Amino acid sequence: MPYSILPAPVALREPALLRRELQDRLDDLARTHRVPGAQLAVDTGSGVVAVHTGTADVTTGSPFTADTAVPLGSLTKPFTAALVMLLADDGDLDLDEPAAEHLAELADTPNVTIRQLLSHTGGLPTGPDSDTAAATTPARYLTAVCTARDLLFTPGTDFSYSNAGYVAAGRLVETVTGMPWPEAVRALLLEPLGVLPVFVGDAAPLRPVAAGHAVNTVTGQAVAARQNLAPLEAPAGALLASALDLVAFGNALTGRSDLLPPAVAKEMRRAETAADPGTLADGWGAGLALYQRDGRVWCGHDGNAQGTSCHLRADPESGVVVAFTGNAGGATALWRDLAEFLARLTGIRVPAEALTTDRGRPVVLPGCAGTYRNGTTTYRVAPGPDGTPALSVDGDLALPLVCYADLSCDLRDPATGRVEPGGRFHRDPATGTIDRVQISGRTARRADDG
């Protein structure tokens with residue numbers, strides 16, 4: 001369909017025509033972005049249209065179907081948050097009580113509340129990588145990570161995306177229900193939604209599953225990737241689901257299904273005032289990212305496992321829900337292009353990412369150089385070859401920083417010159433010195449004098 005032609009409103013479009021146009025575009029974009037397979041499902045508020053394309057696993061050649069379950073990565077987190085919210089609604093816990101009231105592992109951070117765990121405002125570090133986490137137990141993991149020494153900021157005053165917070169949330173579910181997290185999410189969420197559960201590590205999944213893929217950008221050849229999530233990290237990233245499964249969950253998040261009481265869904269969508277997630281979203285609630293578009297606030301979440309990219313958006317006002325899954329890293333760009341096409345085709349302006357604003361011309365930002373730490377992760381800002389600041393994480397290749405007067409910053413790819421949203425610096429309100437940096441939603445605290 002030529003973009004110069006104004007589309008009919010989504011409610012007036014023939015579903016078969018809409019499906020065909022979405023299918024053609026998904027096929028084209030999957031080839032363009034070298035994504036072996038993908039799914040898109042759209043609930044227009046009056047019906048669901050779903051399309052899929054390609055191969056689920058290049059090793060086996062199995063096709064992507066509407067029922068294929070894809071590793072969701074962090075899109076697991078809203079499911080864990082919904083479990084905690086249901087327990088709070090039943091009176092089994094209070095969102096504003098310290099999580100340490102239920103978990104002895106959090107005794108060294110007694111002021112971090114359950115709500116702050118769900119909204120990433122507790123100041124907890126991200127947590128160790130999956131290989132390190134696989135060698136320990138949940139209790140030891142949380143005891144090591146959730147310490148007063150490693151708090152990034154006073155709980156409830158800022159935002160830092162934390163897998164450790166969701167390991168703790170999963171432990172809360174287990175402590176209160178007496179069920180392992182997979183059993184609780186199956187019994188309380190997935191089965192009521194009619195979703196056949198699949199988790200990372202299942203030896204014999206009960207439905208078709210997709211592998212993630214690494215794609216050689218020169219040859220276009222895709223190779224299946226191994227999921228290496230540690231078992232204790234399951235509440236933060238172990239679910240597999242299809243786009244249709246995500247649409248069903250999205251309807252619950254808007255209060256349009258019986259799974260979540262409307263008051264619970266509304267509370268999950270309520271923006272936490274301290275939560276400024278930077279490049280991740282425009283706001284954050286109790287387990288949900290929030291996105292502003294055209295005077296509306298959509299809710300949802302993104303997730304990346306090894307070689308997958310999955311996205312959920314729901315508009316409580318219109319009832320529109322959009323879900324996408326793809327099984328390669330390039331699927332993130334595919335998702336953005338699909339969102340743009342969907343807006344042109346139907347008028348559904350689904351927010352693929354956070355709003356970007358004009359921040360003016362780049363500036364020199366004195367005082368940003370130094371070492372910053374988030375748990376065991378080290379961020380180093382130092383002058384690059386041309387004298388402008390560059391950022392390296394744990395000694396990896398340094399990326400040039402483009403800084404602005406509002407303390408925000410972008411990352412420049414040295415090979416292509418392409419600029420991507422990076423994050424922001426913070427000043428200590430008492431001294432005015434830069435004392436923290438937030439990159440991709442994760443905050444690191446200055447560890448030296450610059």
# chains A, B, ... in the order shown; residues from 1 in each chain; ligands from 1

$ residues_around --residues "A:Arg359" --least-positions-apart "6" --cutoff "9 Å" --atoms "only C-alpha atoms" --output "PyMOL selection string"
chain A and resi 404-406+408

$ closest_atom_pairs --of "stretch 95-201 of chain A" --to "stretch 244-253 of chain A" --cutoff "12 Å" --atoms "only C-alpha atoms" --output "tab-separated table"
residue	atom	partner	partner_atom	distance
A:Leu189	CA	A:Phe249	CA	8.6
A:Leu190	CA	A:Phe249	CA	8.7
A:Glu191	CA	A:Asp245	CA	11.0
A:Pro192	CA	A:Phe249	CA	10.2
A:Leu193	CA	A:Ala248	CA	6.6
A:Gly194	CA	A:Asp245	CA	8.3
A:Val195	CA	A:Asp245	CA	6.3
A:Leu196	CA	A:Asp245	CA	9.1
A:Pro197	CA	A:Asp245	CA	10.1
A:Val198	CA	A:Asp245	CA	11.5

$ write_last_selection --atoms "N, CA and C atoms" --output "mmCIF file, in the first residue's frame"
data_model
loop_
_atom_site.group_PDB
_atom_site.id
_atom_site.type_symbol
_atom_site.label_atom_id
_atom_site.label_comp_id
_atom_site.auth_asym_id
_atom_site.auth_seq_id
_atom_site.Cartn_x
_atom_site.Cartn_y
_atom_site.Cartn_z
ATOM 1 N N LEU A 189 -1.253 -17.420 36.506
ATOM 2 C CA LEU A 189 -1.317 -16.532 35.348
ATOM 3 C C LEU A 189 -1.494 -17.268 34.025
ATOM 4 N N LEU A 190 -0.591 -18.191 33.723
ATOM 5 C CA LEU A 190 -0.572 -18.756 32.378
ATOM 6 C C LEU A 190 -1.774 -19.650 32.096
ATOM 7 N N GLU A 191 -2.070 -20.565 32.998
ATOM 8 C CA GLU A 191 -3.217 -21.442 32.761
ATOM 9 C C GLU A 191 -4.538 -20.678 32.700
ATOM 10 N N PRO A 192 -4.782 -19.684 33.566
ATOM 11 C CA PRO A 192 -6.009 -18.882 33.401
ATOM 12 C C PRO A 192 -6.071 -18.142 32.071
ATOM 13 N N LEU A 193 -4.904 -17.794 31.494
ATOM 14 C CA LEU A 193 -4.875 -17.139 30.193
ATOM 15 C C LEU A 193 -5.022 -18.132 29.037
ATOM 16 N N GLY A 194 -4.954 -19.430 29.339
ATOM 17 C CA GLY A 194 -4.986 -20.430 28.285
ATOM 18 C C GLY A 194 -3.653 -20.604 27.588
ATOM 19 N N VAL A 195 -2.565 -20.244 28.278
ATOM 20 C CA VAL A 195 -1.221 -20.312 27.710
ATOM 21 C C VAL A 195 -0.522 -21.573 28.205
ATOM 22 N N LEU A 196 0.005 -22.372 27.283
ATOM 23 C CA LEU A 196 0.761 -23.563 27.649
ATOM 24 C C LEU A 196 2.164 -23.138 28.063
ATOM 25 N N PRO A 197 2.543 -23.358 29.327
ATOM 26 C CA PRO A 197 3.802 -22.790 29.834
ATOM 27 C C PRO A 197 5.044 -23.419 29.219
ATOM 28 N N VAL A 198 6.041 -22.596 28.962
ATOM 29 C CA VAL A 198 7.375 -23.035 28.558
ATOM 30 C C VAL A 198 8.379 -22.118 29.243
#

$ residues_around --residues "stretch 113-122 of chain A" --least-positions-apart "3" --cutoff "9 Å" --atoms "only C-alpha atoms" --output "tab-separated table (two decimals) with C-alpha atoms, in the first residue's frame"
chain	number	residue	atom	x	y	z
A	77	LYS	CA	9.30	-9.37	34.57
A	78	PRO	CA	5.72	-8.05	34.16
A	80	THR	CA	6.42	-11.77	38.03
A	81	ALA	CA	5.18	-8.30	38.99
A	84	VAL	CA	3.27	-10.00	43.45
A	93	LEU	CA	1.75	-8.66	51.62
A	94	ASP	CA	1.85	-4.87	51.51
A	95	LEU	CA	3.59	-3.20	48.57
A	96	ASP	CA	4.94	-0.43	50.78
A	97	GLU	CA	6.40	-2.65	53.48
A	98	PRO	CA	10.11	-3.51	53.44
A	99	ALA	CA	10.81	-6.61	51.38
A	100	ALA	CA	13.13	-7.71	54.20
A	110	PRO	CA	15.92	-2.92	55.24
A	151	LEU	CA	23.15	0.70	47.08
A	152	LEU	CA	23.25	3.09	44.14
A	153	PHE	CA	21.03	5.74	45.75
A	154	THR	CA	18.60	6.19	48.62
A	155	PRO	CA	15.68	3.80	47.97
A	156	GLY	CA	12.72	5.52	46.37
A	157	THR	CA	14.64	8.49	44.95
A	158	ASP	CA	15.79	7.35	41.48
A	159	PHE	CA	15.72	4.50	38.93
A	160	SER	CA	18.15	1.72	38.09
A	161	TYR	CA	17.07	-1.37	36.20
A	162	SER	CA	17.86	-4.39	38.34
A	163	ASN	CA	17.58	-8.11	37.65
A	164	ALA	CA	18.43	-8.67	41.31
A	165	GLY	CA	15.25	-6.87	42.28
A	166	TYR	CA	13.24	-9.41	40.30
A	168	ALA	CA	13.96	-10.96	45.07
A	169	ALA	CA	10.40	-10.52	43.75
A	172	LEU	CA	8.72	-13.23	47.58
A	271	ALA	CA	3.72	5.92	37.29
A	272	GLU	CA	6.18	6.02	40.17
A	274	ALA	CA	10.92	8.69	41.31
A	275	ALA	CA	11.20	6.42	38.28
A	277	PRO	CA	14.13	5.28	33.22
A	284	TRP	CA	7.73	3.15	35.06
A	285	GLY	CA	5.06	1.58	37.22
A	286	ALA	CA	4.92	-1.55	39.37
A	287	GLY	CA	6.44	-3.88	36.80
A	288	LEU	CA	5.47	-2.00	33.64
A	289	ALA	CA	7.27	0.44	31.38

$ select_by_dssp --residues "stretch 116-267 of chain A" --states "strand (DSSP E or B)" --output "JSON, numbers by chain"
{"A": [199, 209, 212, 213, 214, 215, 222, 223, 224, 225, 239, 240, 241]}

$ closest_residue --among "A:Asp282, A:Glu267, A:Asp294, A:Asp315" --to "A:Thr254" --atoms "only C-alpha atoms"
A:Asp315
